[in-house]
Amino acid sequence: MRRGNKVWSWIVMMIGILYFFLPLVATFVFSLKAKLGVLSFKAYANIFNDPAFVYNFSYSVLWAVLTIVVGILLFVPTAFLIRLRVPKLRSAVEFITLLPFVIPAIVFVFGLVRTFSHPPLLIVNSPALLIAAYTVLSMPYMYRAIDTGLRAIDVRTLTEAGQSLGAGWGSILFDIILPNIRVAILSGAFLSFAIVIGEFILAQYLAKPAFAPYMAYMIQQKAYEPAAMAIISFALTWAAMGIISLVGRGGGQAQVGGGH
Amino acid sequence: MTTLDVKQDAPLARPAPHKMSWAWLGIMPFFLFAFLFLLYPSSTIVVRSFQNSTTHAFTLKNVIALFSNHYILGAYWISIEISLLTSVGGGIFGFLLAYAAIRGGLPKFMRSSLMTFCGVASNFAGVPLAFAFIALLSPTGMLIGWLKALGYNPYFHGFTLYTFWGLSIVYMYFQFPLMVLIIAPAIDGLRREWLEASENLGASSFQYWRYVALPILLPSIMGTMILLFGNSFGAFATAQALTGGQINLVTIVIGSQLRGDALGDPGLGYALALGMVVIMALAIMGYTILQRRTERWLR
C-alpha cells in the first residue's frame, strides 16, 4: 500500500504544480515578447515609464497604507477593550467582523453607492468612503489577526502593570500593547496590503484611481504591458505572503480568500 | 444641577462603573464605523428590496419579479452551476493535494512550500488572474499553441476560455488552494493510530477510508466545499476582466445594474442583491455548523 500511495501522491502533486505554474510561466514568457523576435524586459520598462501606471499604482499604495492605519487605529482599541472590559459584546463584534465574508464585494459596493449618493449622505465621491470600504473589506483579516495576537499575550497583567506604574490608557495601548502584538499586526497589515493592491471592484465602482482597474483597462488596449503588470501583481502578492510567513513563523497560517 | 452636587457629596466606593463607561466610549468608534459603512448600507438593500421604488410603500413585487424573470433566473442558475462545479471539483482536488503533501510520503519541504503556494494562489485573483489564463488558454495562448503544434486545437472542438468551462478552469485556480489551506488541519487531526489499528484488525485500505477516515473528515470536507461555493458565487472581478461582462453571472448583472439601471427596475436590482446575500449567508452558516461538528475530532 505504501509504494502505491507514494506514486499517487507524486502524480497529484505534479498536476498541482503544473496548474499553479503554467499560467504564471505563460504570462511571464508573454511579458518578455514586447520586442519582436527577442526576449526583453521592454514591457516592464514601458509600464514604469508610463505616467498613468505610476499614477494609478501610487494611489493603490496610498489607499493600502491608509487602510492599514485606519484599521489599526480602529481595531486595536476595540479588540483590546472587548478582551479586557466588555467581553459580553464579543459575539456581536465577531458577527460584524465576519459580515464582509457574507456580503460579496459587488453587493457591498452596490449598497454603498445607493446609500451614499443622496443628500444628506452625499459622500460617494470622497476618498474617505473608499478607505472606509477597504477597511471593511480587510476587517475579517485585520481584526482577527489583532485578536489572535492579543490572545497570545497576557493583556490583563500587562495592563495592570502599566496602570500601577501610572500609565494612561493611551500609553498602555500604544506603548505596551501595540509593540507586543506587532507581529500579528504586521501579518494583518500585509494581508490587507495584498488585498487592497489587487482590489478591483471598489475602486472601479467608486471611480478612484487604482492599479487593478487600470490593468483591466490596459487589457483592452495593449498586449504585453498587462502581462508585465500581472507579473508585478503576482510578485507583490508573493512578497506580502512571504513577509507574513517570515514574521509570523510559528504563529499559524494566514487565513485567506479575498476579493475575486 | 443640584442632582450633580448630591452625587459629588456621595462618591461611589468603587470606581468600576466609571471605568465601564470609558470602555463603552472606547468601543463606540468601531460600532459607529460598522453601522455607517457596513450595517446601514447592507440594511438598505434589504429594506429597498421590499419597497416600491417610487412610492416607498411595502411590496413583495420585487422579490416575486425575481422568480419570474428568465434573464435573472438564468444568471442565478449559471452562478450556482459554476460554483457547484468549482467547489466540488476544487474541493476534491484540493483534498487530494493536501493529503498527498501531508500523508503521502512526500519530502517534508513539499508541505510547507505547498502551503505558501496556496496562500499566494488563493489571494491571486481578479484581473491579474484573468490575464494569466488569457496568456495560457486564449486562442494565441501558450498551452493552446503547444496543443496546436501537436495537431489538436481545442477551439475547433467547442472550447473557449470566455464561457462556462473556461471560467470554471480559471476559478479553480483560487478554489483548490483555499481547500488545501482549510482542510490541512483536519488531515493533521487524522491520527496515525487509527490507520494502524484498522490495519491490525485486518481492514483493507478501502475499508479504512469507508469506515474510519471519511466519516471523520466528511463534515470538514463538506463544510469547506460550502465555503468554496460562497467564494466562487460572490466572485466578480475575475469574470468581468476575463469575459468583459459577457457572461451572465449574478455578480455581473449586479455590476451592470450599478453602472446604469440595466434591468430597468431599481427595485429588482435590490432584490437581486438580496438574493445573493441570502445564498451567501446560508453557505457561511452551513460552513460554521459543519466546522463545529469537525472540531470534536480535532482536539
# chains A, B, ... in the order shown; residues from 1 in each chain; ligands from 1

call {"tool": "residues_around", "arguments": {"residues": "stretch 104-120 of chain A", "least_positions_apart": "6", "cutoff": "7 Å", "atoms": "only C-alpha atoms", "output": "ChimeraX atom specification"}}
result
/A:201-202,259 /B:41-42,44-45,234,236,251,255,258,273

call {"tool": "write_last_selection", "arguments": {"atoms": "N, CA and C atoms", "output": "PDB file, in the first residue's frame"}}
result
ATOM      1  N   ILE A 201     -13.054  45.858  -7.572  1.00  0.00           N
ATOM      2  CA  ILE A 201     -14.473  46.220  -7.581  1.00  0.00           C
ATOM      3  C   ILE A 201     -14.728  47.594  -6.947  1.00  0.00           C
ATOM      4  N   LEU A 202     -14.199  47.790  -5.724  1.00  0.00           N
ATOM      5  CA  LEU A 202     -14.490  49.037  -5.014  1.00  0.00           C
ATOM      6  C   LEU A 202     -13.922  50.235  -5.752  1.00  0.00           C
ATOM      7  N   GLY A 259     -10.924  39.328  -2.420  1.00  0.00           N
ATOM      8  CA  GLY A 259     -11.887  39.858  -3.382  1.00  0.00           C
ATOM      9  C   GLY A 259     -11.609  39.378  -4.789  1.00  0.00           C
TER      10      GLY A 259
ATOM     11  N   PRO B  41     -25.589  50.385   5.018  1.00  0.00           N
ATOM     12  CA  PRO B  41     -25.717  50.141   3.566  1.00  0.00           C
ATOM     13  C   PRO B  41     -26.298  48.757   3.257  1.00  0.00           C
ATOM     14  N   SER B  42     -25.940  47.750   4.081  1.00  0.00           N
ATOM     15  CA  SER B  42     -26.474  46.417   3.819  1.00  0.00           C
ATOM     16  C   SER B  42     -27.968  46.372   4.099  1.00  0.00           C
ATOM     17  N   THR B  44     -29.955  48.782   3.834  1.00  0.00           N
ATOM     18  CA  THR B  44     -30.623  49.490   2.738  1.00  0.00           C
ATOM     19  C   THR B  44     -31.079  48.504   1.669  1.00  0.00           C
ATOM     20  N   ILE B  45     -30.182  47.548   1.353  1.00  0.00           N
ATOM     21  CA  ILE B  45     -30.517  46.569   0.314  1.00  0.00           C
ATOM     22  C   ILE B  45     -31.748  45.762   0.716  1.00  0.00           C
ATOM     23  N   GLY B 234     -19.640  34.645  -5.043  1.00  0.00           N
ATOM     24  CA  GLY B 234     -19.506  36.094  -4.905  1.00  0.00           C
ATOM     25  C   GLY B 234     -18.446  36.698  -5.803  1.00  0.00           C
ATOM     26  N   PHE B 236     -16.454  38.349  -8.763  1.00  0.00           N
ATOM     27  CA  PHE B 236     -16.889  39.261  -9.818  1.00  0.00           C
ATOM     28  C   PHE B 236     -15.736  39.687 -10.726  1.00  0.00           C
ATOM     29  N   THR B 251     -23.349  38.250 -10.229  1.00  0.00           N
ATOM     30  CA  THR B 251     -22.490  39.382  -9.863  1.00  0.00           C
ATOM     31  C   THR B 251     -22.341  40.342 -11.048  1.00  0.00           C
ATOM     32  N   GLY B 255     -23.389  44.199 -11.304  1.00  0.00           N
ATOM     33  CA  GLY B 255     -22.438  45.205 -11.778  1.00  0.00           C
ATOM     34  C   GLY B 255     -23.047  46.105 -12.838  1.00  0.00           C
ATOM     35  N   LEU B 258     -25.555  48.445 -11.525  1.00  0.00           N
ATOM     36  CA  LEU B 258     -24.947  49.534 -10.776  1.00  0.00           C
ATOM     37  C   LEU B 258     -24.457  50.643 -11.709  1.00  0.00           C
ATOM     38  N   ALA B 273     -29.626  41.651  -5.393  1.00  0.00           N
ATOM     39  CA  ALA B 273     -28.522  41.691  -4.426  1.00  0.00           C
ATOM     40  C   ALA B 273     -28.910  40.952  -3.146  1.00  0.00           C
TER      41      ALA B 273
END

call {"tool": "interface_residues", "arguments": {"of": "chain A", "to": "chain B", "cutoff": "7 Å", "atoms": "only C-alpha atoms", "output": "JSON, numbers by chain"}}
result
{"A": [5, 6, 9, 12, 13, 23, 24, 26, 27, 30, 74, 77, 78, 81, 85, 102, 103, 104, 106, 107, 108, 110, 111, 112, 115, 132, 133, 200, 201, 212, 216, 227, 230, 233, 234, 237, 238, 241, 256, 257, 258, 260]}

call {"tool": "write_last_selection", "arguments": {"atoms": "C-alpha atoms", "output": "compact mmCIF listing (two decimals), in the first residue's frame"}}
result
# COMPACT_ATOMS: atom_id res chain seq x y z
CA ASN A 5 0.44 5.69 -2.18
CA LYS A 6 3.67 7.48 -2.96
CA SER A 9 0.99 11.49 -4.20
CA VAL A 12 -1.37 14.65 -7.70
CA MET A 13 1.42 16.99 -6.65
CA PRO A 23 -0.43 30.31 -16.15
CA LEU A 24 2.40 32.21 -14.48
CA ALA A 26 2.77 31.72 -19.85
CA THR A 27 2.25 35.25 -18.51
CA PHE A 30 4.42 36.64 -22.87
CA LEU A 74 -9.97 51.34 14.88
CA PRO A 77 -8.54 49.60 20.89
CA THR A 78 -11.73 47.68 20.11
CA LEU A 81 -11.39 46.61 25.26
CA ARG A 85 -13.58 45.24 29.72
CA VAL A 102 -21.25 37.03 3.70
CA ILE A 103 -21.73 40.16 1.62
CA PRO A 104 -19.94 39.83 -1.74
CA ILE A 106 -20.10 43.73 -5.59
CA VAL A 107 -23.20 43.69 -3.38
CA PHE A 108 -21.35 45.73 -0.75
CA PHE A 110 -23.93 48.36 -4.61
CA GLY A 111 -25.21 49.16 -1.12
CA LEU A 112 -22.56 51.86 -0.59
CA THR A 115 -26.73 54.74 0.30
CA ALA A 132 -13.80 53.10 4.82
CA ALA A 133 -14.89 50.46 2.32
CA PHE A 200 -10.80 45.89 -8.47
CA ILE A 201 -14.47 46.22 -7.58
CA ALA A 212 -6.47 46.82 -10.83
CA ALA A 216 -8.36 45.87 -16.63
CA ALA A 227 1.25 40.69 -18.83
CA ALA A 230 0.12 40.68 -13.88
CA SER A 233 0.95 41.99 -9.10
CA PHE A 234 1.82 38.36 -8.54
CA THR A 237 1.19 39.10 -3.50
CA TRP A 238 4.05 36.67 -3.15
CA MET A 241 2.68 36.33 1.83
CA VAL A 256 -7.10 33.85 3.07
CA GLY A 257 -9.57 34.17 0.23
CA GLY A 258 -10.07 37.76 -0.80
CA HIS A 260 -12.04 37.79 -6.52

call {"tool": "residues_around", "arguments": {"residues": "A:Leu178", "least_positions_apart": "5", "cutoff": "12 Å", "atoms": "only C-alpha atoms", "output": "ChimeraX atom specification"}}
result
/A:72-73,75-77,79-80,146-147,149-150,153,155,158-159,170-173,183-186

call {"tool": "write_last_selection", "arguments": {"atoms": "N, CA and C atoms", "output": "PDB file, in the first residue's frame"}}
result
ATOM      1  N   ILE A  72      -5.692  49.768  12.063  1.00  0.00           N
ATOM      2  CA  ILE A  72      -5.003  49.636  13.353  1.00  0.00           C
ATOM      3  C   ILE A  72      -5.643  50.546  14.408  1.00  0.00           C
ATOM      4  N   LEU A  73      -5.887  51.823  14.015  1.00  0.00           N
ATOM      5  CA  LEU A  73      -6.460  52.774  14.971  1.00  0.00           C
ATOM      6  C   LEU A  73      -7.844  52.338  15.446  1.00  0.00           C
ATOM      7  N   PHE A  75      -9.257  49.029  15.158  1.00  0.00           N
ATOM      8  CA  PHE A  75      -9.452  47.656  15.643  1.00  0.00           C
ATOM      9  C   PHE A  75      -8.633  47.332  16.890  1.00  0.00           C
ATOM     10  N   VAL A  76      -7.441  47.942  17.054  1.00  0.00           N
ATOM     11  CA  VAL A  76      -6.632  47.605  18.231  1.00  0.00           C
ATOM     12  C   VAL A  76      -7.347  47.996  19.530  1.00  0.00           C
ATOM     13  N   PRO A  77      -7.823  49.275  19.646  1.00  0.00           N
ATOM     14  CA  PRO A  77      -8.538  49.605  20.893  1.00  0.00           C
ATOM     15  C   PRO A  77      -9.775  48.745  21.097  1.00  0.00           C
ATOM     16  N   ALA A  79     -10.494  45.604  19.938  1.00  0.00           N
ATOM     17  CA  ALA A  79     -10.180  44.221  20.325  1.00  0.00           C
ATOM     18  C   ALA A  79      -9.659  44.177  21.760  1.00  0.00           C
ATOM     19  N   PHE A  80      -8.861  45.202  22.135  1.00  0.00           N
ATOM     20  CA  PHE A  80      -8.300  45.288  23.481  1.00  0.00           C
ATOM     21  C   PHE A  80      -9.403  45.427  24.528  1.00  0.00           C
ATOM     22  N   ILE A 146      -5.342  40.828  14.827  1.00  0.00           N
ATOM     23  CA  ILE A 146      -5.111  41.559  16.077  1.00  0.00           C
ATOM     24  C   ILE A 146      -5.639  40.757  17.273  1.00  0.00           C
ATOM     25  N   ASP A 147      -6.840  40.187  17.107  1.00  0.00           N
ATOM     26  CA  ASP A 147      -7.442  39.432  18.209  1.00  0.00           C
ATOM     27  C   ASP A 147      -6.606  38.203  18.548  1.00  0.00           C
ATOM     28  N   GLY A 149      -3.421  37.966  18.076  1.00  0.00           N
ATOM     29  CA  GLY A 149      -2.231  38.488  18.733  1.00  0.00           C
ATOM     30  C   GLY A 149      -2.477  38.767  20.206  1.00  0.00           C
ATOM     31  N   LEU A 150      -3.656  39.348  20.508  1.00  0.00           N
ATOM     32  CA  LEU A 150      -3.982  39.675  21.901  1.00  0.00           C
ATOM     33  C   LEU A 150      -4.169  38.405  22.730  1.00  0.00           C
ATOM     34  N   ILE A 153      -0.881  37.101  24.261  1.00  0.00           N
ATOM     35  CA  ILE A 153      -0.164  37.781  25.344  1.00  0.00           C
ATOM     36  C   ILE A 153      -1.089  37.920  26.548  1.00  0.00           C
ATOM     37  N   VAL A 155      -2.860  40.141  28.358  1.00  0.00           N
ATOM     38  CA  VAL A 155      -3.317  41.528  28.274  1.00  0.00           C
ATOM     39  C   VAL A 155      -3.554  42.115  29.664  1.00  0.00           C
ATOM     40  N   LEU A 158      -0.311  42.852  31.685  1.00  0.00           N
ATOM     41  CA  LEU A 158       0.406  43.972  31.087  1.00  0.00           C
ATOM     42  C   LEU A 158      -0.299  45.284  31.393  1.00  0.00           C
ATOM     43  N   THR A 159      -1.636  45.279  31.293  1.00  0.00           N
ATOM     44  CA  THR A 159      -2.395  46.491  31.551  1.00  0.00           C
ATOM     45  C   THR A 159      -2.258  46.924  33.006  1.00  0.00           C
ATOM     46  N   GLY A 170      -3.921  55.708  26.793  1.00  0.00           N
ATOM     47  CA  GLY A 170      -3.244  55.885  25.510  1.00  0.00           C
ATOM     48  C   GLY A 170      -1.878  55.237  25.515  1.00  0.00           C
ATOM     49  N   SER A 171      -1.134  55.457  26.585  1.00  0.00           N
ATOM     50  CA  SER A 171       0.224  54.915  26.582  1.00  0.00           C
ATOM     51  C   SER A 171       0.202  53.415  26.855  1.00  0.00           C
ATOM     52  N   ILE A 172      -0.832  52.918  27.572  1.00  0.00           N
ATOM     53  CA  ILE A 172      -0.954  51.455  27.712  1.00  0.00           C
ATOM     54  C   ILE A 172      -1.175  50.820  26.341  1.00  0.00           C
ATOM     55  N   LEU A 173      -2.094  51.420  25.579  1.00  0.00           N
ATOM     56  CA  LEU A 173      -2.412  50.850  24.259  1.00  0.00           C
ATOM     57  C   LEU A 173      -1.229  50.924  23.304  1.00  0.00           C
ATOM     58  N   VAL A 183       3.777  41.579  15.658  1.00  0.00           N
ATOM     59  CA  VAL A 183       3.856  40.507  14.659  1.00  0.00           C
ATOM     60  C   VAL A 183       2.475  40.241  14.068  1.00  0.00           C
ATOM     61  N   ALA A 184       1.480  40.145  14.955  1.00  0.00           N
ATOM     62  CA  ALA A 184       0.111  39.913  14.486  1.00  0.00           C
ATOM     63  C   ALA A 184      -0.359  41.075  13.620  1.00  0.00           C
ATOM     64  N   ILE A 185      -0.056  42.298  14.057  1.00  0.00           N
ATOM     65  CA  ILE A 185      -0.477  43.466  13.283  1.00  0.00           C
ATOM     66  C   ILE A 185       0.196  43.482  11.924  1.00  0.00           C
ATOM     67  N   LEU A 186       1.498  43.136  11.901  1.00  0.00           N
ATOM     68  CA  LEU A 186       2.219  43.107  10.628  1.00  0.00           C
ATOM     69  C   LEU A 186       1.585  42.122   9.667  1.00  0.00           C
TER      70      LEU A 186
END

call {"tool": "residues_around", "arguments": {"residues": "A:Phe193", "least_positions_apart": "6", "cutoff": "9 Å", "atoms": "only C-alpha atoms", "output": "list in words"}}
result
Val61, Trp63, Ala64, Val65, Thr67, Ile68, Ser138, Thr237 and Ala240 of chain A

call {"tool": "residues_around", "arguments": {"residues": "B:Pro219", "least_positions_apart": "5", "cutoff": "8 Å", "atoms": "only C-alpha atoms", "output": "list in words"}}
result
Leu290, Gln291, Arg293 and Thr294 of chain B

call {"tool": "atom_distance", "arguments": {"atom1": "atom CA of A:Trp8", "atom2": "atom CA of B:Gly91"}}
result
17.4 Å

call {"tool": "atom_distance", "arguments": {"atom1": "atom CA of B:Thr163", "atom2": "atom CA of B:Thr243"}}
result
7.5 Å

call {"tool": "select_by_dssp", "arguments": {"residues": "stretch 3-198 of chain A", "states": "helix (DSSP H, G or I)", "output": "ChimeraX atom specification"}}
result
/A:3-31,42-48,51-84,87-102,105-116,127-152,155-164,169-180,182-198

call {"tool": "atom_distance", "arguments": {"atom1": "atom CA of A:Ser192", "atom2": "atom CA of A:Phe48"}}
result
24.2 Å

call {"tool": "closest_residue", "arguments": {"among": "A:Val25, A:Ala34, A:Leu99, A:Ile197", "to": "A:Tyr224", "atoms": "only C-alpha atoms"}}
result
A:Ala34

call {"tool": "residues_around", "arguments": {"residues": "B:Asn62", "least_positions_apart": "6", "cutoff": "7 Å", "atoms": "only C-alpha atoms", "output": "ChimeraX atom specification"}}
result
/B:49-50,267-268,271

call {"tool": "closest_residue", "arguments": {"among": "A:Leu246, A:Leu39, A:Met139, A:Ala92", "to": "A:Gly188", "atoms": "only C-alpha atoms"}}
result
A:Met139

call {"tool": "closest_residue", "arguments": {"among": "A:Trp10, A:Phe20, A:Phe28, A:Tyr55", "to": "A:Met229", "atoms": "only C-alpha atoms"}}
result
A:Phe28
